[in-house]
Structures are given as C-alpha cells and as structure tokens.
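Dumped data_35.txt below, it's compact mmCIF, C-alpha atoms:
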```txt
# COMPACT_ATOMS: atom_id res chain seq x y z
CA MET A 255 135.80 108.77 105.27
CA ILE A 256 134.60 112.08 103.85
CA ILE A 257 135.00 115.61 105.19
CA ASP A 258 131.67 116.99 106.27
CA PRO A 259 131.28 120.13 108.44
CA ASP A 260 128.32 118.44 110.15
CA HIS A 261 130.64 115.82 111.66
CA SER A 262 132.09 118.26 114.21
CA VAL A 263 128.54 119.20 115.31
CA ILE A 264 127.73 115.49 115.62
CA ASP A 265 130.81 115.04 117.84
CA ARG A 266 129.50 117.75 120.16
CA ILE A 267 126.04 116.17 120.28
CA LEU A 268 127.50 112.74 121.02
CA ALA A 269 129.60 114.33 123.77
CA GLY A 270 126.35 115.42 125.43
CA ASP A 271 125.74 118.89 123.99
CA GLN A 272 122.06 118.39 123.10
CA ALA A 273 121.58 122.07 122.20
CA ALA A 274 124.05 121.66 119.32
CA TYR A 275 121.42 119.60 117.55
CA ALA A 276 119.49 122.83 116.88
CA GLU A 277 122.32 123.81 114.51
CA LEU A 278 121.72 120.68 112.43
CA VAL A 279 117.96 121.17 112.53
CA ASN A 280 118.25 124.77 111.34
CA LYS A 281 120.63 123.78 108.58
CA HIS A 282 118.63 120.84 107.20
CA LYS A 283 115.01 121.67 108.06
CA SER A 284 114.13 123.24 104.70
CA TYR A 285 115.36 120.29 102.65
CA ALA A 286 113.81 117.82 105.09
CA PHE A 287 110.48 119.63 104.91
CA THR A 288 110.63 119.90 101.11
CA ILE A 289 111.30 116.16 100.69
CA ALA A 290 108.46 115.29 103.08
CA LEU A 291 106.12 117.77 101.37
CA ARG A 292 106.75 116.29 97.91
CA ILE A 293 105.79 112.85 99.22
CA LEU A 294 102.93 113.73 101.54
CA GLN A 295 101.61 116.76 99.64
CA THR A 296 100.15 118.49 102.69
CA ARG A 297 102.11 120.94 104.83
CA PRO A 298 100.91 119.75 108.29
CA ASP A 299 101.77 116.10 107.51
CA ALA A 300 105.11 117.09 105.97
CA GLU A 301 105.98 119.17 109.03
CA GLU A 302 105.13 116.29 111.37
CA ALA A 303 107.09 113.75 109.30
CA ALA A 304 110.13 116.03 109.07
CA GLN A 305 110.09 116.63 112.83
CA ASP A 306 109.72 112.91 113.45
CA ALA A 307 112.70 112.26 111.14
CA PHE A 308 114.83 114.74 113.10
CA ILE A 309 113.92 113.00 116.37
CA LYS A 310 114.71 109.57 114.87
CA ALA A 311 118.05 110.83 113.55
CA TYR A 312 118.91 112.20 117.00
CA HIS A 313 118.19 108.86 118.68
CA HIS A 314 120.15 106.92 116.06
CA MET A 315 123.06 109.34 115.79
CA ARG A 316 125.52 106.75 117.09
CA ASN A 317 124.67 104.48 114.14
CA PHE A 318 125.78 107.12 111.64
CA ASN A 319 129.04 105.62 110.36
CA ARG A 320 130.37 108.76 108.58
CA GLN A 321 130.93 106.89 105.31
CA ALA A 322 128.60 109.41 103.68
CA LYS A 323 127.55 112.98 104.35
CA PHE A 324 125.25 113.45 107.33
CA SER A 325 122.72 115.14 105.01
CA THR A 326 122.50 112.07 102.74
CA TRP A 327 122.04 109.73 105.73
CA PHE A 328 119.50 112.06 107.29
CA TYR A 329 117.46 112.73 104.12
CA ARG A 330 117.15 108.97 103.67
CA ILE A 331 115.53 108.89 107.13
CA VAL A 332 113.22 111.75 106.05
CA PHE A 333 112.32 109.89 102.84
CA ASN A 334 111.55 106.63 104.69
CA THR A 335 109.60 108.42 107.41
CA ALA A 336 107.49 110.31 104.87
CA VAL A 337 106.83 107.12 102.87
CA SER A 338 105.78 105.42 106.10
CA TYR A 339 103.42 108.32 106.87
CA LYS A 340 102.01 108.03 103.35
CA ARG A 341 101.28 104.33 103.96
CA ARG A 342 99.45 105.22 107.15
CA GLN A 343 97.45 107.84 105.25
CA ARG A 344 96.39 105.08 102.83
CA GLN A 345 95.52 102.78 105.73
CA HIS A 346 93.13 105.45 106.93
CA PHE A 347 91.25 104.95 103.65
CA GLN A 348 92.07 108.40 102.41
CA ASP A 349 91.10 108.56 98.81
CA ILE A 350 94.10 109.36 96.64
CA GLU A 351 91.92 111.58 94.46
CA SER A 352 90.97 113.79 97.38
CA THR A 353 94.66 114.09 98.28
CA VAL A 354 95.45 115.31 94.80
CA ILE A 355 92.63 117.85 94.87
CA HIS A 356 93.73 119.08 98.29
CA TYR A 357 97.29 119.44 97.09
CA ASN A 358 96.28 121.35 94.02
CA GLN A 359 94.02 123.70 95.90
CA GLU A 360 96.64 124.35 98.52
CA ALA A 361 99.46 124.73 96.06
CA GLU A 362 97.32 126.90 93.81
CA GLY A 363 96.40 129.18 96.64
CA MET A 364 99.84 129.49 98.12
CA LEU A 365 102.34 129.12 95.37
CA GLU A 366 101.06 129.25 91.89
CA LYS A 367 100.62 132.56 90.20
CA THR A 368 101.19 131.67 86.60
CA ASP A 369 99.37 129.15 84.44
CA LYS A 370 102.51 127.24 83.59
CA LYS A 371 103.34 126.75 87.25
CA LYS A 372 99.77 125.66 87.93
CA TYR A 373 99.92 123.00 85.22
CA ILE A 374 103.31 121.78 86.41
CA THR A 375 101.94 121.37 89.92
CA LYS A 376 98.98 119.40 88.55
CA ALA A 377 101.20 117.26 86.36
CA LEU A 378 103.53 116.56 89.28
CA ALA A 379 100.60 115.41 91.39
CA ALA A 380 99.91 112.76 88.75
CA LEU A 381 103.36 111.21 89.26
CA SER A 382 104.22 108.60 91.87
CA GLU A 383 105.68 109.86 95.14
CA ALA A 384 109.09 108.31 94.37
CA ASP A 385 109.18 110.03 90.96
CA ARG A 386 108.00 113.30 92.45
CA THR A 387 110.67 113.16 95.16
CA ALA A 388 113.40 112.21 92.71
CA LEU A 389 112.40 115.10 90.42
CA SER A 390 112.23 117.46 93.35
CA LEU A 391 115.69 116.51 94.59
CA PHE A 392 117.06 116.78 91.06
CA TYR A 393 115.64 120.26 90.50
CA LEU A 394 116.79 121.55 93.88
CA GLU A 395 120.21 121.20 92.21
CA GLU A 396 121.84 120.41 95.52
CA PHE A 397 122.30 116.67 95.17
CA SER A 398 124.34 114.50 92.86
CA MET A 399 122.71 111.53 91.11
CA GLU A 400 124.49 109.23 93.60
CA GLU A 401 123.09 111.18 96.54
CA ILE A 402 119.56 111.11 95.12
CA ALA A 403 119.96 107.34 94.66
CA GLU A 404 121.21 107.01 98.24
CA ILE A 405 118.31 109.05 99.66
CA THR A 406 115.62 107.19 97.74
CA GLY A 407 117.26 103.79 98.23
CA MET A 408 117.74 103.07 94.54
CA GLN A 409 120.73 102.25 92.35
CA PRO A 410 122.31 105.29 90.58
CA ASN A 411 121.51 103.78 87.16
CA THR A 412 117.93 103.11 88.19
CA ILE A 413 117.44 106.65 89.47
CA LYS A 414 118.80 108.08 86.22
CA VAL A 415 116.34 106.07 84.14
CA ARG A 416 113.55 106.85 86.61
CA LEU A 417 114.25 110.58 86.41
CA HIS A 418 114.24 110.52 82.63
CA ARG A 419 110.97 108.61 82.56
CA ALA A 420 109.42 110.96 85.11
CA ARG A 421 110.46 114.02 83.08
CA LEU A 422 109.07 112.52 79.89
CA ARG A 423 105.86 111.52 81.63
CA LEU A 424 105.55 114.99 83.07
CA ALA A 425 105.97 116.45 79.57
CA GLU A 426 103.18 114.17 78.31
CA GLU A 427 100.90 115.11 81.22
CA LEU A 428 101.50 118.79 80.54
CA LYS A 429 100.81 118.38 76.85
CA THR A 430 97.54 116.54 77.57
CA MET A 431 96.45 119.19 80.05
CA LEU A 432 97.23 122.06 77.72
CA ASN A 433 95.40 120.31 74.85
CA GLN A 434 92.34 119.76 77.04
CA GLU A 435 92.45 123.39 78.11
CA ALA A 436 92.60 124.46 74.47
CA ILE A 437 89.56 122.31 73.65
CA THR A 438 87.49 123.76 76.49
CA LEU A 439 88.29 127.36 75.52
CA MET B 79 116.95 101.53 64.86
CA LYS B 80 116.56 103.73 67.91
CA THR B 81 113.13 104.04 69.50
CA PRO B 82 111.71 107.53 70.15
CA SER B 83 112.08 106.80 73.86
CA THR B 84 115.86 106.25 73.50
CA THR B 85 116.16 109.48 71.53
CA TYR B 86 114.11 111.38 74.12
CA HIS B 87 116.42 110.09 76.88
CA LYS B 88 119.33 111.44 74.85
CA LEU B 89 117.55 114.79 74.51
CA LEU B 90 117.31 115.00 78.30
CA GLU B 91 121.00 114.16 78.69
CA TYR B 92 121.73 116.81 76.06
CA ILE B 93 119.73 119.41 78.04
CA ASP B 94 121.52 118.40 81.27
CA GLY B 95 124.88 118.56 79.52
CA THR B 96 125.71 114.95 80.39
CA LEU B 97 125.58 113.51 76.86
CA PRO B 98 129.06 112.46 75.63
CA ALA B 99 130.50 114.85 73.02
CA ALA B 100 130.35 112.39 70.11
CA GLU B 101 126.71 111.53 70.81
CA ALA B 102 125.87 115.22 71.27
CA LYS B 103 127.31 115.98 67.85
CA ALA B 104 125.30 113.15 66.25
CA LEU B 105 122.18 114.39 67.99
CA GLU B 106 122.76 117.95 66.78
CA GLN B 107 123.01 116.64 63.22
CA ALA B 108 119.76 114.75 63.67
CA LEU B 109 118.12 117.87 65.12
CA GLU B 110 119.05 119.88 62.03
CA LYS B 111 117.15 117.44 59.81
CA ASP B 112 114.24 116.50 62.05
CA THR B 113 111.75 119.29 62.88
CA ALA B 114 109.65 117.03 65.16
CA LEU B 115 112.73 116.18 67.19
CA ARG B 116 113.60 119.88 67.41
CA ALA B 117 110.09 120.62 68.66
CA LYS B 118 110.45 117.91 71.30
CA LEU B 119 113.78 119.37 72.41
CA ASN B 120 112.20 122.82 72.78
CA GLU B 121 109.29 121.37 74.72
CA LEU B 122 111.61 119.51 77.11
CA ARG B 123 113.84 122.56 77.50
CA GLU B 124 110.85 124.74 78.36
CA ASN B 125 109.65 122.20 80.94
CA HIS B 126 113.17 121.97 82.33
CA SER B 127 113.39 125.71 82.97
CA SER B 128 109.83 125.82 84.35
CA LEU B 129 110.58 122.96 86.75
CA ARG B 130 113.67 124.73 88.02
CA THR B 131 111.48 127.62 89.18
CA SER B 132 108.41 125.59 90.09
CA LEU B 133 110.09 123.25 92.57
CA PRO B 134 111.51 125.66 95.10
CA LEU B 135 112.92 124.88 98.50
CA GLU B 136 109.96 125.00 100.86
CA GLN B 137 110.15 126.54 104.32
CA PRO B 138 108.60 124.88 107.37
CA SER B 139 106.88 126.82 110.16
CA ARG B 140 108.90 129.32 112.21
CA ASP B 141 108.75 127.24 115.38
CA PHE B 142 109.92 124.06 113.63
CA THR B 143 113.31 123.89 115.36
CA LEU B 144 111.76 124.69 118.72
CA LYS B 145 109.22 121.87 118.34
CA VAL B 146 111.96 119.38 117.41
CA MET B 147 114.13 120.41 120.35
CA GLU B 148 111.18 120.21 122.75
CA ASN B 149 110.31 116.69 121.61
CA LEU B 150 113.86 115.41 121.38
CA HIS B 151 113.50 113.29 124.51
CA GLN B 152 110.60 111.36 122.96
CA VAL B 153 111.43 107.88 121.73
CA PRO B 154 110.50 107.63 118.02
CA LEU B 155 107.43 105.55 117.30
CA GLN B 156 108.11 102.06 116.07
CA HIS B 157 105.41 100.96 113.67
CA PRO B 158 106.65 97.54 112.55
CA GLY B 159 105.67 95.92 115.93
CA GLN B 160 102.11 95.25 114.93
CA SER B 161 103.23 94.03 111.53
CA ILE B 162 105.56 91.45 113.14
CA ARG B 163 102.71 90.18 115.32
CA LYS B 164 100.48 89.76 112.28
CA SER B 165 103.32 88.08 110.40
CA ILE B 166 103.87 85.57 113.22
CA LEU B 167 100.16 84.71 113.09
CA LEU B 168 100.38 84.28 109.32
CA LEU B 169 103.47 82.12 109.71
CA ALA B 170 101.78 80.00 112.40
CA GLY B 171 98.76 79.54 110.12
CA ALA B 172 100.92 78.42 107.20
CA LEU B 173 102.87 75.97 109.40
CA ILE B 174 99.73 74.53 111.01
CA ALA B 175 98.22 74.00 107.55
CA ALA B 176 101.45 72.35 106.32
CA VAL B 177 101.84 70.08 109.37
CA GLY B 178 98.13 69.17 109.39
CA THR B 179 98.19 68.23 105.73
CA ALA B 180 101.46 66.30 106.16
CA ILE B 181 99.86 64.25 108.98
CA LEU B 182 96.88 63.47 106.75
CA VAL B 183 99.27 62.43 103.93
CA ALA B 184 101.26 60.23 106.31
CA SER B 185 98.06 58.56 107.54
CA GLY B 186 97.43 57.44 103.95
CA LEU B 187 94.25 59.44 103.44
CA PHE B 188 95.26 60.52 99.95
CA ASP B 189 96.84 57.21 98.84
CA THR B 190 93.63 56.03 97.24
CA VAL B 191 92.78 59.36 95.68
CA THR B 192 93.71 58.97 92.04
CA THR B 193 92.06 60.11 88.90
CA THR B 194 92.76 60.14 85.19
CA LEU B 195 92.38 63.28 83.18
CA ASP B 196 91.40 62.41 79.64
CA LEU B 197 91.59 65.53 77.48
CA ASN B 198 90.42 63.64 74.39
CA THR B 199 86.84 64.01 75.59
CA VAL B 200 87.04 67.82 75.62
CA LYS B 201 89.46 68.53 72.78
CA PRO B 202 88.08 70.32 69.69
CA ALA B 203 88.07 67.40 67.25
CA ASP B 204 88.19 69.61 64.16
CA LEU B 205 91.36 71.37 65.34
CA VAL B 206 93.26 68.57 67.12
CA LYS B 207 93.40 65.32 65.18
CA ASP B 208 95.95 63.43 67.28
CA THR B 209 95.11 61.52 70.43
CA ILE B 210 96.23 63.30 73.61
CA PRO B 211 97.75 60.94 76.22
CA ALA B 212 95.67 60.69 79.41
CA LEU B 213 97.11 62.21 82.61
CA ASN B 214 97.17 60.14 85.78
CA ILE B 215 96.83 62.37 88.85
CA ASN B 216 97.95 60.92 92.14
CA GLY B 217 96.38 62.60 95.19
CA ARG B 218 99.38 61.91 97.44
CA VAL B 219 101.86 63.54 95.02
CA LEU B 220 99.56 66.53 94.51
CA ILE B 221 99.09 67.13 98.24
CA ASN B 222 102.85 66.69 98.84
CA ALA B 223 103.46 69.47 96.30
CA VAL B 224 100.92 71.69 98.10
CA VAL B 225 102.63 71.01 101.46
CA LEU B 226 106.03 71.84 99.94
CA ALA B 227 104.70 75.11 98.47
CA ASN B 228 103.19 75.96 101.86
CA ILE B 229 106.52 75.39 103.63
CA ILE B 230 108.34 77.58 101.05
CA ILE B 231 105.78 80.37 101.58
CA ALA B 232 106.23 80.02 105.36
CA PHE B 233 110.01 80.42 104.99
CA ILE B 234 109.57 83.53 102.82
CA VAL B 235 107.13 85.03 105.35
CA LEU B 236 109.56 84.20 108.18
CA ASP B 237 112.46 85.84 106.36
CA ARG B 238 110.77 88.97 105.01
CA THR B 239 108.44 89.91 107.81
CA VAL B 240 109.97 88.50 111.00
CA LEU B 241 113.74 87.94 110.72
CA LYS B 242 114.60 90.92 108.50
CA PRO B 243 112.80 93.56 110.65
CA LEU B 244 114.19 91.88 113.79
CA PHE B 245 117.80 92.10 112.59
CA GLN B 246 117.25 95.66 111.34
CA LYS B 247 115.91 96.59 114.78
CA ARG B 248 118.94 95.00 116.47
CA LEU B 249 121.31 96.82 114.14
CA SER B 250 119.71 100.17 114.78
CA SER B 251 119.58 99.74 118.58
```

Starting from the file, give its structure as structure tokens.
Amino acid sequence: MIIDPDHSVIDRILAGDQAAYAELVNKHKSYAFTIALRILQTRPDAEEAAQDAFIKAYHHMRNFNRQAKFSTWFYRIVFNTAVSYKRRQRQHFQDIESTVIHYNQEAEGMLEKTDKKKYITKALAALSEADRTALSLFYLEEFSMEEIAEITGMQPNTIKVRLHRARLRLAEELKTMLNQEAITL
Amino acid sequence: MKTPSTTYHKLLEYIDGTLPAAEAKALEQALEKDTALRAKLNELRENHSSLRTSLPLEQPSRDFTLKVMENLHQVPLQHPGQSIRKSILLLAGALIAAVGTAILVASGLFDTVTTTLDLNTVKPADLVKDTIPALNINGRVLINAVVLANIIIAFIVLDRTVLKPLFQKRLSS
C-alpha cells in the first residue's frame, strides 16, 4: 500500500462526510479537465466529462483498493469517460474535420499568441486522442511513465514507444506546416 | 545498421535525460560527425521546449466544484446497456443461423452437393506446364466448416460483448 494524502480524505467521505469530496474535486479538477479537454477538444464537453468522472468516482469510491494513488485511479476514470464521450460524439455523425477546425479556432482565440504555439496546437490536433493525451500528461511533468501508462490503460513500454512516435510525428507535422507556410508567403 | 527511427528515439531519450551514459556518449560522438543528426536534435529540442509551454494545465469554470457537489446524488449514466441488448440479438442471430444450418446438414440436404474444381481449364498454359490436381469439394464438409466458424464467432461475441461487461458491472457494483 502506498502513502497518499488523499486517502485520509477518502476515509472521511466513506464515513459519510460528503462535503469532504469538495476537497478532492478542488485538488484534481484542473488535471481532470485538462485530460478531458485534450481528448474532446471542446471546453463544454470537457467540463461535462470531467464532472461526470467526478460523480462516477464518488459512487465507486468503495472499489478504490488503495494499491495506487487516488489521482492515478481517478484520472483513469476521467480518460475512459472522455473517450466514451468522444465515441458518442462520433455516433452523432460529427465530422472529425469540423471538430479540428473548431478546436483550432477556439484554441487560437483563447490561448495562442505566438506562431509557434499556433502551429503546435494545429499539429497536436492532427494526432490521435490517445497520443494527444499521452503527450499532454507527459508535458504536464506531473506523472511518471508508469502513471501515464496506468491512466491510459497501456503497458509502460508501449506508452514510451507511443510517446516517442507521437513526438516524432508532431515534429514532422510541424515541419510540413512550416514548409507550406513558407511556400505560400 | 540502425534505422533513422531508432536514432531519433535515442535523441528523444537524450533530450529527456533517460539515455544510459554509454549510449549518450556514443550518440554525442555521432552528433559531432553528423550535421543532419545535429539539426534533428536541435529541431526536437526546440519542439520539446515549445511543448512544455504550449500544453499548460487548463482551468475549468469557476463553478465546477459546485456543479459536481450539486449533482453528486445522481447515479452515473451507464451506456453499455444498449450495447449488451444489441449483442444478445447478434448472438441469437449467429446461434439461430448455426442451429438452422446444422439441422439442414443433419437432414442430408448437402450430402449430394459435390463438385470438382478443375484448375487446369483456367490455368495460364504458357506459365504453368504441369497438370494441377482437381479439387473435390464436398458440400457437407464445407457447410460443417461454416457452422463451426459461426459457433466460434458466437462464442467470441458472447465473451466480449455480454460476459465481460456483465462481470465488469458486477465487480464495480
């Protein structure tokens, strides 16, 4: 069993202190939202998925066996919930191209100020959601390779190879974009 | 000989500081000689630092916690229900097809269905000189193989889409 400060909060929740759950929500909401956003690419959907994941985690709290950190267990729920939302988006015949355009416009308007950042956002949108999430978790610099593997449901060796491939693919995408930009100038 | 891909993976490990010392030294020697490799390292390094600043921790709306706490009493939606229903229908279809065909086989319907496939009539004579032996196809054997494949598919459907979600649901409840 590992030592995790969240475990004492979980004990209080399991003892009936429902309000204590707000502490866990406040602590993990940014990471949960970021993971969901990288998969779903739109803020409203990411917010809904992250909230849904918190509610699921609350109802399944007794199944948390404390063999891992609460955050790892919980972010796995966030990942699965967001992937499930993504599947539903596809079932609603949402064109993947329109999703990418929406993401770029939104990200461009809200986040991106420099050209380099803009191209990185575009290149990221071209990656698969699993690659994008893995890269995102890696660059948040909060998770070990084992934890990223645990969250995304992959083997540590697989995630390492996947991350490398995603970074190389991203580099290629960026190079192509910058070349095209140079041609059009 | 190492492929460029293997070398690029090593470059990433080098940037992350996870490449073993001996391999890092060998890579540094290669970098001194190879300008293209050095350019690739610089490119990956630049992307690495850009990604560190371009993938920030995002913040949800201000009332996020409040919304979660307000909806905490709600039972999470279970989506696999419909999928299990569809899977049972698929399974039933596969089993009905298998049983129906098995009954037809048992009644002897396919016993007389035999044919001989003679490839000598269609072979390119200028390319293939030898005589190809004719293939005798027995209808009963062929249909038995189809029934067997159908039963295997039914078992896979049963396992993947009915039993697995059912046990997962029991474990989580």

Tell me, counting all atoms listed in the file, for each residue of chain A within 7 Å of chain B, which pair of atoms is nearest and how far apart they are in Å to one decimal, in rows ordered by chain and increasing number, as a Markdown table.
```
| residue | atom | partner | partner_atom | distance |
| --- | --- | --- | --- | --- |
| A:Ala276 | CA | B:Thr143 | CA | 6.5 |
| A:Val279 | CA | B:Thr143 | CA | 6.1 |
| A:Asn280 | CA | B:Thr143 | CA | 6.4 |
| A:Ser284 | CA | B:Gln137 | CA | 5.2 |
| A:Tyr285 | CA | B:Leu135 | CA | 6.7 |
| A:Phe287 | CA | B:Pro138 | CA | 6.1 |
| A:Thr288 | CA | B:Glu136 | CA | 5.1 |
| A:Glu301 | CA | B:Pro138 | CA | 6.5 |
| A:Gln305 | CA | B:Val146 | CA | 5.7 |
| A:Phe308 | CA | B:Val146 | CA | 7.0 |
| A:Ile309 | CA | B:Leu150 | CA | 5.6 |
| A:Lys310 | CA | B:Pro154 | CA | 5.6 |
| A:His314 | CA | B:Ser250 | CA | 6.9 |
| A:Asn317 | CA | B:Ser250 | CA | 6.6 |
| A:Lys371 | CA | B:Ser132 | CA | 5.9 |
| A:Ser390 | CA | B:Leu133 | CA | 6.2 |
| A:Tyr393 | CA | B:Arg130 | CA | 5.5 |
| A:Leu394 | CA | B:Pro134 | CA | 6.8 |
| A:His418 | CA | B:His87 | CA | 6.2 |
| A:Ala425 | CA | B:Leu122 | CA | 6.9 |
```

For CA of Leu391 in chain A and CA of Ile289 in chain A, quote the distance in Å rounded to one decimal.
7.5 Å

Please list as a list in words every residue within 9 Å of Asp385 in chain A, counting all atoms listed in the file and excluding residues in the same chain fewer than 5 positions away.
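Non-adjacent residues within range: Leu378, Ser390, Arg416, Leu417, Arg419, Ala420 and Arg421 of chain A.
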
Ser325 in chain A surroundings by all atoms listed in the file, 9 Å radius, close-in-sequence under 5 positions cut, as a ChimeraX atom specification:
/A:260,282,330

So that I can see what lies close to Thr239 in chain B, please list as JSON, numbers by chain the residues with an atom at most 9 Å from it, counting only C-alpha atoms and leaving out residues fewer than 3 positions away in the same chain.
{"B": [161, 162, 165, 166, 234, 235, 236, 242, 243, 244]}

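Between CA of Ala212 in chain B and CA of Thr190 in chain B there is a distance of 18.5 Å.
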
Name all residues at most 8 Å from Leu424 in chain A (count all atoms listed in the file; drop same-chain ones fewer than 2 positions away) and give them as a list of chain:residue names.
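Result of the neighbour search: A:Ile374, A:Ala377, A:Leu378, A:Leu381, A:Ala420, A:Arg421, A:Leu422, A:Glu426, A:Glu427, A:Leu428.
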
Determine the axis-aligned bounding box of all atoms of range 193-207 of chain B present in the file, pad each side by 6 Å, and express its centre and edge lengths in Å to one decimal place as AutoDock Vina command-line options.
```
--center_x 90.1 --center_y 65.7 --center_z 76.5 --size_x 18.6 --size_y 23.3 --size_z 36.7
```

From the set A:Gln321, A:Asn433, A:Thr296, A:Gln343, which residue has the shortest atom-to-atom contact distance to Asp258 in chain A, counting only C-alpha atoms?
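For Asp258 in chain A, the nearest of the given residues is A:Gln321.
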
Hey, could you patch up range 114-133 of chain B with N, CA and C atoms and hand it over as a JSON list (two decimals), in the coordinates of the input?
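Result file follows (part-v9.json):
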```json
[["chain", "number", "residue", "atom", "x", "y", "z"],
["B", 114, "ALA", "N", 110.42, 117.58, 64.03],
["B", 114, "ALA", "CA", 109.65, 117.03, 65.16],
["B", 114, "ALA", "C", 110.55, 116.85, 66.38],
["B", 115, "LEU", "N", 111.77, 116.38, 66.10],
["B", 115, "LEU", "CA", 112.73, 116.18, 67.19],
["B", 115, "LEU", "C", 113.12, 117.53, 67.81],
["B", 116, "ARG", "N", 113.26, 118.53, 66.94],
["B", 116, "ARG", "CA", 113.60, 119.88, 67.41],
["B", 116, "ARG", "C", 112.47, 120.43, 68.29],
["B", 117, "ALA", "N", 111.25, 120.16, 67.87],
["B", 117, "ALA", "CA", 110.09, 120.62, 68.66],
["B", 117, "ALA", "C", 110.08, 119.94, 70.03],
["B", 118, "LYS", "N", 110.42, 118.65, 70.03],
["B", 118, "LYS", "CA", 110.45, 117.91, 71.30],
["B", 118, "LYS", "C", 111.54, 118.47, 72.22],
["B", 119, "LEU", "N", 112.68, 118.79, 71.62],
["B", 119, "LEU", "CA", 113.78, 119.37, 72.41],
["B", 119, "LEU", "C", 113.34, 120.70, 73.04],
["B", 120, "ASN", "N", 112.68, 121.54, 72.26],
["B", 120, "ASN", "CA", 112.20, 122.82, 72.78],
["B", 120, "ASN", "C", 111.20, 122.64, 73.91],
["B", 121, "GLU", "N", 110.31, 121.66, 73.71],
["B", 121, "GLU", "CA", 109.29, 121.37, 74.72],
["B", 121, "GLU", "C", 109.95, 120.93, 76.03],
["B", 122, "LEU", "N", 110.92, 120.01, 75.91],
["B", 122, "LEU", "CA", 111.61, 119.51, 77.11],
["B", 122, "LEU", "C", 112.44, 120.61, 77.78],
["B", 123, "ARG", "N", 113.03, 121.45, 76.96],
["B", 123, "ARG", "CA", 113.84, 122.56, 77.50],
["B", 123, "ARG", "C", 112.96, 123.54, 78.29],
["B", 124, "GLU", "N", 111.79, 123.80, 77.72],
["B", 124, "GLU", "CA", 110.85, 124.74, 78.36],
["B", 124, "GLU", "C", 110.39, 124.17, 79.71],
["B", 125, "ASN", "N", 110.06, 122.86, 79.69],
["B", 125, "ASN", "CA", 109.65, 122.20, 80.94],
["B", 125, "ASN", "C", 110.77, 122.23, 81.96],
["B", 126, "HIS", "N", 111.99, 122.00, 81.46],
["B", 126, "HIS", "CA", 113.17, 121.97, 82.33],
["B", 126, "HIS", "C", 113.32, 123.30, 83.06],
["B", 127, "SER", "N", 113.21, 124.39, 82.32],
["B", 127, "SER", "CA", 113.39, 125.71, 82.97],
["B", 127, "SER", "C", 112.20, 126.03, 83.88],
["B", 128, "SER", "N", 111.00, 125.58, 83.48],
["B", 128, "SER", "CA", 109.83, 125.82, 84.35],
["B", 128, "SER", "C", 109.96, 125.04, 85.66],
["B", 129, "LEU", "N", 110.45, 123.79, 85.55],
["B", 129, "LEU", "CA", 110.58, 122.96, 86.75],
["B", 129, "LEU", "C", 111.61, 123.54, 87.72],
["B", 130, "ARG", "N", 112.63, 124.14, 87.15],
["B", 130, "ARG", "CA", 113.67, 124.73, 88.02],
["B", 130, "ARG", "C", 113.09, 125.83, 88.91],
["B", 131, "THR", "N", 112.08, 126.54, 88.38],
["B", 131, "THR", "CA", 111.48, 127.62, 89.18],
["B", 131, "THR", "C", 110.24, 127.15, 89.93],
["B", 132, "SER", "N", 109.66, 126.04, 89.47],
["B", 132, "SER", "CA", 108.41, 125.59, 90.09],
["B", 132, "SER", "C", 108.61, 124.65, 91.27],
["B", 133, "LEU", "N", 109.84, 124.18, 91.46],
["B", 133, "LEU", "CA", 110.09, 123.25, 92.57],
["B", 133, "LEU", "C", 111.06, 123.90, 93.56]]
```
